[in-house]
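As stored in my_file-v1.txt (compact mmCIF, C-alpha atoms):
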# COMPACT_ATOMS: atom_id res chain seq x y z
CA MET A 1 124.49 196.55 143.97
CA ASN A 2 123.08 199.05 141.48
CA LEU A 3 119.29 199.35 141.43
CA ASP A 4 119.38 202.05 138.74
CA LEU A 5 120.30 199.35 136.23
CA LEU A 6 116.77 197.99 136.47
CA PHE A 7 115.42 201.11 134.81
CA ASP A 8 118.19 201.57 132.28
CA PRO A 9 116.68 201.67 128.75
CA LEU A 10 119.61 199.49 127.66
CA PHE A 11 117.98 196.50 129.34
CA ARG A 12 114.44 196.95 128.06
CA ILE A 13 114.90 194.75 125.01
CA PRO A 14 116.64 191.99 126.99
CA PHE A 15 113.84 192.16 129.55
CA LEU A 16 111.16 191.78 126.88
CA VAL A 17 113.04 188.94 125.18
CA GLY A 18 113.28 187.03 128.44
CA LEU A 19 109.68 187.78 129.39
CA LEU A 20 108.39 186.40 126.10
CA LEU A 21 110.50 183.27 126.45
CA ALA A 22 109.51 182.81 130.10
CA ALA A 23 105.87 182.88 128.99
CA THR A 24 106.51 180.56 126.06
CA LEU A 25 108.76 177.80 127.34
CA PRO A 26 106.78 176.52 130.38
CA PRO A 27 103.61 175.72 128.37
CA LEU A 28 105.84 174.01 125.84
CA GLY A 29 107.34 172.02 128.69
CA VAL A 30 103.87 170.96 129.81
CA VAL A 31 103.28 169.23 126.49
CA LEU A 32 106.79 167.77 126.43
CA ARG A 33 106.25 166.32 129.89
CA LEU A 34 102.87 164.94 128.84
CA ARG A 35 104.62 163.17 125.95
CA ASN A 36 107.40 161.99 128.27
CA GLU A 37 109.82 163.91 126.09
CA TRP A 38 111.07 166.52 128.56
CA LEU A 39 114.67 165.69 127.66
CA ALA A 40 113.79 167.07 124.21
CA ALA A 41 114.43 170.54 125.52
CA LEU A 42 118.04 169.80 126.34
CA GLY A 43 118.64 167.79 123.17
CA LEU A 44 117.20 170.46 120.90
CA ALA A 45 119.01 173.21 122.79
CA HIS A 46 122.36 171.45 122.31
CA LEU A 47 121.72 171.03 118.61
CA ALA A 48 120.68 174.67 118.41
CA GLY A 49 123.91 175.69 120.10
CA ALA A 50 126.03 173.59 117.77
CA SER A 51 124.29 174.83 114.63
CA GLY A 52 124.43 178.39 115.89
CA LEU A 53 128.20 178.11 116.11
CA LEU A 54 128.41 176.39 112.75
CA GLY A 55 126.36 179.25 111.33
CA LEU A 56 128.83 181.75 112.73
CA ALA A 57 131.63 179.90 110.98
CA VAL A 58 129.98 180.63 107.64
CA GLY A 59 128.96 184.18 108.51
CA MET A 60 125.36 183.58 109.59
CA PRO A 61 124.07 185.22 112.82
CA ALA A 62 123.84 182.63 115.60
CA VAL A 63 120.21 183.49 116.27
CA LEU A 64 119.38 182.37 112.72
CA GLY A 65 121.78 179.44 112.57
CA ALA A 66 120.58 177.95 115.84
CA PRO A 67 117.00 177.17 114.73
CA LEU A 68 118.27 175.30 111.67
CA GLY A 69 120.00 172.63 113.75
CA ALA A 70 117.14 172.36 116.21
CA VAL A 71 114.53 172.04 113.47
CA ALA A 72 116.68 169.47 111.65
CA GLY A 73 116.88 167.46 114.88
CA ALA A 74 113.11 167.70 115.37
CA LEU A 75 112.48 166.50 111.82
CA VAL A 76 114.88 163.59 112.20
CA LYS A 77 113.06 162.62 115.39
CA SER A 78 109.59 162.97 113.88
CA LEU A 79 110.17 161.47 110.48
CA GLY A 80 112.37 158.72 111.88
CA HIS A 81 109.46 157.74 114.17
CA PHE A 82 111.63 157.95 117.28
CA SER A 83 109.74 158.40 120.53
CA GLY A 84 110.74 158.78 124.16
CA ASN A 85 113.94 160.33 125.40
CA THR A 86 116.62 158.16 123.80
CA VAL A 87 116.85 160.17 120.59
CA TYR A 88 117.20 163.36 122.64
CA ALA A 89 120.05 161.89 124.64
CA VAL A 90 121.83 161.26 121.34
CA MET A 91 121.15 164.87 120.32
CA ILE A 92 122.70 166.09 123.57
CA LEU A 93 125.87 164.11 122.93
CA VAL A 94 126.17 165.19 119.31
CA GLY A 95 125.38 168.83 120.12
CA TRP A 96 127.71 168.94 123.11
CA ALA A 97 130.66 167.44 121.22
CA THR A 98 130.13 169.68 118.20
CA THR A 99 129.75 172.83 120.29
CA LEU A 100 132.89 172.23 122.32
CA LEU A 101 134.98 171.28 119.30
CA ILE A 102 133.96 174.44 117.44
CA ALA A 103 134.43 176.55 120.56
CA SER A 104 137.90 175.10 121.07
CA ASN A 105 139.03 175.75 117.53
CA THR A 106 137.70 179.25 116.79
CA SER A 107 137.95 182.48 118.77
CA LEU A 108 134.40 183.57 117.96
CA GLY A 109 133.14 180.11 118.80
CA SER A 110 134.80 180.32 122.18
CA VAL A 111 132.92 183.52 123.02
CA MET A 112 129.65 182.05 121.79
CA GLY A 113 130.29 178.82 123.65
CA HIS A 114 130.53 180.74 126.90
CA ALA A 115 127.41 182.71 126.01
CA LEU A 116 125.48 179.51 125.45
CA VAL A 117 126.58 178.07 128.74
CA GLU A 118 126.08 181.20 130.83
CA GLY A 119 123.09 182.74 129.09
CA GLN A 120 123.81 186.27 127.92
CA LEU A 121 120.31 187.68 128.07
CA TYR A 122 121.57 191.18 128.82
CA PHE A 123 123.24 191.33 125.41
CA ALA A 124 120.03 190.42 123.55
CA GLY A 125 119.23 192.82 120.76
CA GLY A 126 116.58 193.53 118.16
CA ILE A 127 117.07 190.27 116.30
CA HIS A 128 116.64 188.26 119.50
CA LEU A 129 113.45 190.19 120.21
CA ALA A 130 112.18 189.53 116.70
CA VAL A 131 112.84 185.80 117.08
CA ALA A 132 111.19 185.73 120.52
CA VAL A 133 108.12 187.54 119.17
CA VAL A 134 107.83 185.10 116.24
CA VAL A 135 108.12 182.12 118.59
CA ALA A 136 105.60 183.58 121.05
CA VAL A 137 103.09 184.34 118.29
CA LEU A 138 103.52 180.86 116.79
CA MET A 139 102.98 179.31 120.19
CA ALA A 140 99.95 181.48 120.94
CA VAL A 141 98.35 180.54 117.62
CA ALA A 142 99.35 176.90 117.27
CA LEU A 143 99.36 175.52 120.80
CA PRO A 144 95.64 175.98 121.58
CA TRP A 145 94.88 174.06 118.37
CA LEU A 146 97.53 171.43 118.82
CA MET A 147 97.11 170.84 122.55
CA PRO A 148 93.76 168.95 122.52
CA ARG A 149 94.98 166.76 119.68
CA LEU A 150 98.29 166.02 121.34
CA VAL A 151 96.60 165.24 124.67
CA ARG A 152 94.13 162.91 122.99
CA ALA A 153 96.92 161.23 121.05
CA GLN A 154 98.71 160.62 124.33
CA LEU A 155 95.75 159.40 126.37
CA PHE A 156 93.84 157.63 123.61
CA PRO A 157 96.41 156.49 121.07
CA GLY A 158 93.91 154.05 119.57
CA TYR A 159 91.69 156.88 118.35
CA GLU A 160 94.04 158.29 115.75
CA VAL A 161 95.08 154.79 114.62
CA SER A 162 91.57 153.41 114.26
CA ASN A 163 90.29 156.49 112.44
CA ARG A 164 93.43 156.87 110.31
CA LEU A 165 93.80 160.51 111.28
CA PRO A 166 96.70 162.53 109.87
CA ALA A 167 98.25 162.63 113.32
CA TRP A 168 101.80 162.86 112.00
CA GLN A 169 101.08 166.43 110.96
CA TRP A 170 100.30 167.46 114.54
CA HIS A 171 103.31 165.67 115.93
CA VAL A 172 105.72 167.14 113.38
CA SER A 173 104.22 170.61 113.85
CA PHE A 174 104.73 170.40 117.59
CA ASP A 175 108.26 169.04 117.23
CA VAL A 176 109.21 171.93 114.94
CA LEU A 177 107.57 174.42 117.30
CA ALA A 178 109.52 172.96 120.21
CA ALA A 179 112.74 173.16 118.20
CA LEU A 180 112.20 176.83 117.32
CA ALA A 181 111.32 177.74 120.89
CA MET A 182 114.33 175.91 122.31
CA ALA A 183 116.66 177.50 119.77
CA ALA A 184 115.35 180.95 120.68
CA GLY A 185 115.56 180.11 124.37
CA ALA A 186 119.08 178.68 124.26
CA GLY A 187 120.33 181.65 122.23
CA SER A 188 119.09 184.18 124.77
CA LEU A 189 118.77 182.45 128.14
CA GLY A 190 121.55 179.90 127.73
CA LEU A 191 121.28 176.14 127.35
CA MET A 192 120.49 175.34 130.94
CA GLY A 193 118.36 178.42 131.49
CA ALA A 194 116.09 177.45 128.60
CA PHE A 195 116.06 173.81 129.67
CA ALA A 196 115.19 174.73 133.25
CA LEU A 197 112.24 176.85 132.06
CA VAL A 198 110.90 173.88 130.11
CA PHE A 199 111.61 171.26 132.74
CA VAL A 200 111.05 172.71 136.22
CA PRO A 201 107.66 174.51 135.98
CA PRO A 202 105.76 171.50 134.58
CA TRP A 203 107.57 169.16 136.96
CA VAL A 204 106.33 171.22 139.90
CA SER A 205 102.91 172.04 138.53
CA PHE A 206 102.05 168.45 137.63
CA ARG A 207 102.55 167.54 141.28
CA LEU A 208 100.58 170.51 142.62
CA ALA A 209 97.76 171.04 140.16
CA SER A 210 94.30 169.66 140.72
CA ASN A 211 93.46 169.71 137.03
CA TRP A 212 95.01 170.17 133.60
CA ARG A 213 94.17 173.85 133.20
CA ALA A 214 95.56 174.64 136.64
CA GLY A 215 98.71 172.76 135.66
CA LEU A 216 99.17 175.05 132.69
CA TRP A 217 98.62 178.22 134.72
CA ILE A 218 100.87 177.11 137.57
CA SER A 219 103.62 176.30 135.07
CA LEU A 220 103.27 179.69 133.46
CA GLY A 221 103.24 181.43 136.85
CA ILE A 222 106.36 179.63 138.08
CA GLY A 223 108.19 180.47 134.87
CA LEU A 224 107.31 184.15 135.04
CA VAL A 225 108.00 184.58 138.77
CA ALA A 226 111.36 182.82 138.54
CA TYR A 227 112.29 184.84 135.46
CA LEU A 228 111.43 188.19 137.05
CA GLY A 229 113.37 187.30 140.19
CA ALA A 230 116.36 186.10 138.21
CA PHE A 231 116.38 189.13 135.92
CA VAL A 232 116.49 191.54 138.84
CA CYS A 233 119.03 189.56 140.89
CA ALA A 234 121.43 188.80 138.06
CA LEU A 235 121.39 192.44 136.95
CA ILE A 236 121.89 194.16 140.28
CA LEU A 237 124.35 191.55 141.56
CA ASP A 238 126.22 191.42 138.23
CA GLN A 239 125.86 187.65 137.83
CA PRO A 240 125.46 185.52 134.67
CA PHE A 241 121.77 185.22 133.94
CA GLY A 242 121.49 181.49 133.15
CA PRO A 243 122.71 180.11 136.46
CA VAL A 244 120.68 182.65 138.43
CA LEU A 245 117.53 181.65 136.55
CA VAL A 246 118.21 177.99 137.23
CA ALA A 247 118.79 178.77 140.91
CA PHE A 248 115.49 180.62 141.15
CA LEU A 249 113.61 177.78 139.49
CA VAL A 250 115.18 175.23 141.82
CA VAL A 251 114.23 177.35 144.84
CA VAL A 252 110.67 177.67 143.54
CA ALA A 253 110.54 173.90 143.10
CA ALA A 254 111.79 173.34 146.65
CA VAL A 255 109.26 175.81 148.12
CA ALA A 256 106.49 174.20 146.09
CA GLN A 257 107.48 170.81 147.44
CA LEU A 258 107.19 172.12 151.01
CA PHE A 259 103.83 173.66 150.17
CA ARG A 260 102.63 170.33 148.77
CA ARG A 261 103.61 168.41 151.90
CA ARG A 262 101.59 170.77 154.09
CA MET B 19 75.74 149.32 103.61
CA ASP B 20 72.52 150.99 105.04
CA ARG B 21 72.55 150.03 108.76
CA SER B 22 75.60 147.89 108.36
CA LEU B 23 78.73 149.53 109.80
CA LEU B 24 81.33 146.86 109.27
CA ARG B 25 81.85 143.67 107.29
CA VAL B 26 84.73 141.38 108.09
CA ARG B 27 85.21 138.76 105.40
CA ALA B 28 87.48 135.77 106.00
CA VAL B 29 90.10 137.94 107.66
CA VAL B 30 93.39 136.37 108.70
CA ALA B 31 95.25 138.84 110.93
CA GLY B 32 98.34 139.02 113.10
CA TYR B 33 101.69 140.77 113.34
CA ALA B 34 104.85 139.12 111.97
CA ALA B 35 102.78 135.98 111.41
CA PRO B 36 99.03 135.24 111.36
CA VAL B 37 97.43 134.91 114.79
CA VAL B 38 93.73 134.66 114.06
CA GLY B 39 91.35 133.70 111.27
CA PRO B 40 89.92 133.26 108.85
CA PHE B 41 87.11 135.08 110.63
CA SER B 42 83.95 136.74 109.32
CA LEU B 43 81.30 138.90 110.92
CA GLU B 44 78.97 141.76 110.15
CA VAL B 45 78.21 144.58 112.57
CA SER B 46 75.14 146.78 112.21
CA CYS B 47 73.81 149.75 114.15
CA GLY B 48 72.32 148.54 117.43
CA ASP B 49 74.50 145.44 117.71
CA VAL B 50 76.41 144.60 120.89
CA ILE B 51 78.61 141.72 119.80
CA GLY B 52 80.88 139.81 122.14
CA LEU B 53 83.97 137.91 121.06
CA ALA B 54 84.75 134.99 123.34
CA GLY B 55 87.44 132.32 123.37
CA PRO B 56 90.42 131.01 125.30
CA ASN B 57 93.64 132.99 125.79
CA GLY B 58 95.82 133.24 122.73
CA THR B 59 93.12 132.67 120.15
CA GLY B 60 93.50 136.18 118.75
CA LYS B 61 90.42 138.03 120.03
CA SER B 62 92.36 141.21 120.76
CA THR B 63 94.29 140.86 117.50
CA LEU B 64 91.02 140.69 115.60
CA LEU B 65 89.89 143.89 117.30
CA LYS B 66 93.21 145.51 116.44
CA ALA B 67 92.91 144.44 112.81
CA ILE B 68 89.51 146.12 112.61
CA ALA B 69 91.04 149.23 114.22
CA SER B 70 93.95 149.24 111.74
CA GLY B 71 96.37 148.32 114.51
CA ALA B 72 97.33 144.84 113.26
CA ARG B 73 98.33 143.38 109.92
CA ILE B 74 95.69 141.75 107.72
CA PHE B 75 97.23 138.85 105.77
CA SER B 76 94.15 137.95 103.77
CA GLY B 77 90.46 138.71 103.65
CA GLU B 78 88.83 142.11 103.82
CA VAL B 79 87.55 144.61 106.39
CA GLU B 80 84.91 146.80 104.79
CA LYS B 81 83.87 149.86 106.76
CA LYS B 82 80.94 152.17 106.13
CA PRO B 83 82.29 155.36 104.53
CA GLY B 84 82.97 157.99 107.20
CA LEU B 85 82.74 155.43 110.00
CA THR B 86 84.21 156.71 113.28
CA ILE B 87 85.74 154.16 115.63
CA GLY B 88 86.31 154.41 119.38
CA TRP B 89 88.82 151.86 120.60
CA GLN B 90 89.48 151.09 124.23
CA GLN B 91 92.63 149.03 124.31
CA GLN B 92 93.22 146.21 126.77
CA GLN B 93 95.56 148.38 128.82
CA PRO B 94 94.38 151.98 128.52
CA VAL B 95 97.02 154.66 129.07
CA PHE B 96 97.03 155.56 132.77
CA PRO B 97 98.09 159.21 133.17
CA LEU B 98 100.36 158.65 136.16
CA GLY B 99 101.71 161.93 137.50
CA MET B 100 99.58 163.99 135.10
CA PRO B 101 97.12 166.54 136.48
CA PHE B 102 94.07 165.24 134.64
CA THR B 103 90.76 165.09 136.48
CA GLY B 104 88.06 162.67 135.42
CA ARG B 105 86.37 165.62 133.75
CA ASP B 106 89.56 166.55 131.84
CA TYR B 107 89.92 162.94 130.77
CA LEU B 108 86.38 162.63 129.47
CA ARG B 109 86.49 166.06 127.83
CA CYS B 110 89.61 165.02 126.01
CA ALA B 111 87.74 161.98 124.69
CA GLN B 112 84.79 164.24 123.77
CA ALA B 113 82.59 162.01 125.90
CA ASN B 114 79.02 162.88 126.81
CA PHE B 115 78.59 164.26 130.34
CA ASP B 116 74.77 164.29 130.29
CA ALA B 117 74.18 160.56 130.53
CA ILE B 118 77.12 159.82 132.77
CA PRO B 119 76.46 157.14 135.43
CA SER B 120 76.14 158.63 138.92
CA ARG B 121 78.99 156.51 140.26
CA LEU B 122 81.33 157.98 137.66
CA ALA B 123 80.06 161.52 138.28
CA ARG B 124 81.53 161.37 141.79
CA TRP B 125 85.03 161.01 140.35
CA LEU B 126 84.88 163.80 137.80
CA ASP B 127 86.78 166.29 139.94
CA LYS B 128 89.35 163.83 141.27
CA ARG B 129 92.72 163.44 139.62
CA VAL B 130 92.70 160.33 137.48
CA ASP B 131 95.99 159.14 138.95
CA ALA B 132 94.31 159.08 142.37
CA LEU B 133 91.63 156.65 141.19
CA SER B 134 91.79 152.93 141.88
CA GLY B 135 92.36 150.46 139.06
CA GLY B 136 88.66 149.62 138.88
CA GLN B 137 87.59 153.26 138.97
CA PHE B 138 90.00 154.12 136.18
CA GLN B 139 88.83 151.15 134.13
CA LEU B 140 85.21 152.30 134.33
CA LEU B 141 86.23 155.86 133.47
CA SER B 142 88.28 154.74 130.48
CA VAL B 143 85.42 152.57 129.19
CA TRP B 144 83.00 155.48 129.53
CA ALA B 145 85.44 157.75 127.70
CA VAL B 146 84.89 155.56 124.65
CA LEU B 147 81.26 154.52 125.22
CA GLY B 148 80.18 158.06 126.03
CA GLY B 149 81.80 159.43 122.90
CA PHE B 150 80.39 160.10 119.48
CA CYS B 151 81.83 157.15 117.57
CA ASP B 152 79.68 154.94 115.35
CA LEU B 153 81.52 151.77 116.28
CA VAL B 154 82.98 151.14 119.73
CA LEU B 155 85.64 148.47 120.22
CA LEU B 156 86.23 147.38 123.82
CA ASP B 157 89.03 145.02 124.77
CA GLU B 158 88.40 143.30 128.12
CA PRO B 159 86.28 146.17 129.48
CA THR B 160 85.49 144.30 132.73
CA ASN B 161 89.15 144.15 133.85
CA ASN B 162 89.37 145.27 137.51
CA LEU B 163 85.63 145.99 137.71
CA ASP B 164 83.63 144.98 140.77
CA PRO B 165 80.08 143.62 140.28
CA GLU B 166 78.58 147.11 140.55
CA GLY B 167 81.00 148.40 137.93
CA ALA B 168 80.18 145.51 135.64
CA ALA B 169 76.46 146.27 136.06
CA ILE B 170 77.04 149.93 135.18
CA LEU B 171 78.96 148.83 132.12
CA THR B 172 76.16 146.48 131.07
CA ASP B 173 73.64 149.34 131.32
CA ALA B 174 75.93 151.71 129.47
CA LEU B 175 76.32 149.26 126.62
CA GLN B 176 72.59 149.48 125.95
CA GLN B 177 72.57 153.28 125.61
CA ASP B 178 72.54 155.05 122.25
CA LEU B 179 72.28 151.80 120.35
CA GLY B 180 70.17 153.51 117.72
CA HIS B 181 73.25 155.39 116.68
CA ARG B 182 76.09 153.00 117.17
CA ALA B 183 77.29 149.42 117.63
CA VAL B 184 79.67 147.80 120.09
CA LEU B 185 82.15 145.00 119.49
CA LEU B 186 83.82 143.74 122.63
CA VAL B 187 86.22 141.09 123.83
CA SER B 188 85.84 139.47 127.23
CA HIS B 189 86.72 136.32 129.11
CA GLU B 190 83.71 136.64 131.37
CA ARG B 191 81.01 134.43 129.94
CA ASP B 192 78.28 135.72 132.30
CA PHE B 193 79.00 139.30 131.37
CA LEU B 194 78.96 138.47 127.65
CA GLU B 195 75.66 136.62 127.94
CA GLY B 196 74.08 139.48 129.90
CA ALA B 197 75.41 142.41 127.91
CA CYS B 198 75.61 141.25 124.29
CA SER B 199 73.01 140.63 121.65
CA ARG B 200 75.32 138.05 120.03
CA VAL B 201 78.39 136.18 121.23
CA LEU B 202 80.85 134.80 118.67
CA GLU B 203 83.55 132.28 119.44
CA VAL B 204 87.04 133.05 118.17
CA GLY B 205 89.47 130.22 117.54
CA GLN B 206 86.99 127.48 116.83

For this file, write the structure as structure tokens.
Amino acid sequence: MNLDLLFDPLFRIPFLVGLLLAATLPPLGVVLRLRNEWLAALGLAHLAGASGLLGLAVGMPAVLGAPLGAVAGALVKSLGHFSGNTVYAVMILVGWATTLLIASNTSLGSVMGHALVEGQLYFAGGIHLAVAVVVAVLMAVALPWLMPRLVRAQLFPGYEVSNRLPAWQWHVSFDVLAALAMAAGAGSLGLMGAFALVFVPPWVSFRLASNWRAGLWISLGIGLVAYLGAFVCALILDQPFGPVLVAFLVVVAAVAQLFRRR
Amino acid sequence: MDRSLLRVRAVVAGYAAPVVGPFSLEVSCGDVIGLAGPNGTGKSTLLKAIASGARIFSGEVEKKPGLTIGWQQQQPVFPLGMPFTGRDYLRCAQANFDAIPSRLARWLDKRVDALSGGQFQLLSVWAVLGGFCDLVLLDEPTNNLDPEGAAILTDALQQDLGHRAVLLVSHERDFLEGACSRVLEVGQ
């Protein structure tokens, strides 16, 4: 156990990348859960992983290749008028098969495949930070505007139909935002790490919260607490980050469940 | 169209095939119009056609330019497992909190998924009635309501009539007679 690692300048950028994503993905998950599309996170992350590897095959950095596949998946879903989780299950299968086939047939792909599974946050560099900043800024600007419209569309679907509102624009915008965030998350935190940050905090907070705003804050809090705990533990215990993050989130969920029962 | 908000002229509407019509009506500011008729005669389909949710095979629906429509569907979306309070729910619908009935006010800070079916029904009707829309469409608004709830609904229907009109579908003849300025039969 080496506590000095926590203060090593080498890990400042990875820490910031993870912190931004831990603040970005839970609120995204709140909206995905509202839309009953929480499986989107895993579907988009798998497509991001596959396109990241495909990008590497043609000389493109994975962090740039990954969003292309995720955004393409989001557009297919939006413009094809698919709703619910079925289309995301198909994305998972396609992404998983593509990722493993590329990883099995190229040496670079094999390394990246492991990185996607394990979550190599500690190797995040400037480009990962730039992507995380872009995603965080987009979320901070767009989500407060999109959220009321998306909530209304979910609770009062007749309103946008009867007033012929351009609702498709909001839905496509959110789908693309989700794709970008999941691509950034999967590239830095790993597939399951990013998925867990989108899935677990809203799952817990929706059960605990007394109102919508509290649900958002609880989600954000769970994401940040679990991230900070996982960052410290994985670093000082020399463990892969993704599984440790997932473990922390699961523990938080279990504790929250106990808290709820009392 | 001055005070006229909506003109429905010989509309035949449905989905894959026609379900209702030809049907005509005119709705003006201040109207509370009830649509009555047996099951399967296309009352809800007519409402959907006006709200652009069903196919119009022939005829015409003319709306006042800029008309805003609030549409409470027969089965409003129940936010099961979602942390919405009554206040969140109404805020999302941009409903008016000032004139809210006192019975509803008691539920504002409760989670909507903890409300009973009747409580949720009244809340979802108020979300549309308490909003800003010029024309309110209500599909079976008395579903699950007890007599007190139905009375609250009848009172609420009379509010703000200077600014809007209501078109509603119901099976309950007594409610229609008590709440509406006109009752039209569909399917005759």

Report task. Would you mind reading off the distance between atom CA of A:Leu10 and atom CA of A:Ala184, one decimal, in Å? Result -> 20.3 Å

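All chain B residues having an atom within 7 Å of chain A, based on all atoms listed in the file, amount to Ala69, Ser70, Gly71, Thr86, Ile87, Gly88, Trp89, Val95, Gly99, Met100, Pro101, Phe102, Thr103, Asp106, Cys110, Ala111 and Arg129 of chain B.
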
Query raised in the report: How many Å lie between atom CA of A:Ala136 and atom CA of A:Asp8, rounded to one decimal?
Result: 24.7 Å

**Report entry** Which residue of B:Val37, B:Leu23, B:Leu133, B:Ile170 approaches B:Cys151 most closely, using only C-alpha atoms
**Finding:** B:Leu23

Report task. Find the spatial neighbours of stretch 139-150 of chain B, counting all atoms listed in the file, within a cut-off of 8 Å - ignore same-chain residues fewer than 4 positions away - and output them as a ChimeraX atom specification. Result -> /B:88-90,94,104,107-108,111-115,117-118,122,135,154,156,159-163,167,171,174-175

**Report entry** Spatial neighbours of stretch 16-28 of chain A, max dist 8 Å, all atoms listed in the file, sep filter under 5 positions, as number ranges by chain
**Finding:** A: 121, 124, 128-129, 132-133, 135-136, 139, 178, 181-182, 184-185, 188-189, 194, 197-199, 201-202, 216, 219-220, 223-224, 227-228

Using C-alpha atoms, can you export the residues from the last selection as a short mmCIF file (atom, residue, chain, number, x, y, z; two decimals), in the coordinates of the input?
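Resulting contents of part.cif:
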data_model
loop_
_atom_site.label_atom_id
_atom_site.label_comp_id
_atom_site.auth_asym_id
_atom_site.auth_seq_id
_atom_site.Cartn_x
_atom_site.Cartn_y
_atom_site.Cartn_z
CA LEU A 121 120.31 187.68 128.07
CA ALA A 124 120.03 190.42 123.55
CA HIS A 128 116.64 188.26 119.50
CA LEU A 129 113.45 190.19 120.21
CA ALA A 132 111.19 185.73 120.52
CA VAL A 133 108.12 187.54 119.17
CA VAL A 135 108.12 182.12 118.59
CA ALA A 136 105.60 183.58 121.05
CA MET A 139 102.98 179.31 120.19
CA ALA A 178 109.52 172.96 120.21
CA ALA A 181 111.32 177.74 120.89
CA MET A 182 114.33 175.91 122.31
CA ALA A 184 115.35 180.95 120.68
CA GLY A 185 115.56 180.11 124.37
CA SER A 188 119.09 184.18 124.77
CA LEU A 189 118.77 182.45 128.14
CA ALA A 194 116.09 177.45 128.60
CA LEU A 197 112.24 176.85 132.06
CA VAL A 198 110.90 173.88 130.11
CA PHE A 199 111.61 171.26 132.74
CA PRO A 201 107.66 174.51 135.98
CA PRO A 202 105.76 171.50 134.58
CA LEU A 216 99.17 175.05 132.69
CA SER A 219 103.62 176.30 135.07
CA LEU A 220 103.27 179.69 133.46
CA GLY A 223 108.19 180.47 134.87
CA LEU A 224 107.31 184.15 135.04
CA TYR A 227 112.29 184.84 135.46
CA LEU A 228 111.43 188.19 137.05
#

Query raised in the report: Pick from A:Gln239, A:Leu64, A:Pro9, A:His46: nearest to A:Val131, with only C-alpha atoms counted?
Result: A:Leu64

**Report entry** Atomic separation - atom CA of B:Val38 relative to atom CA of B:Ser199, Å
**Finding:** 22.9 Å

Report task. Find, counting all atoms listed in the file, the residue in A:Gly55, A:Ala45, A:Val137, A:His114 that gets nearest to A:Trp96. Result ->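 Looking at the shortest contact to A:Trp96, the residue is A:Ala45.
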
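Among the candidates A:Ala253, A:Ala89, A:Ile222, A:Ala50, the residue lying nearest to A:Glu37 is A:Ala89 (atoms considered: all atoms listed in the file).
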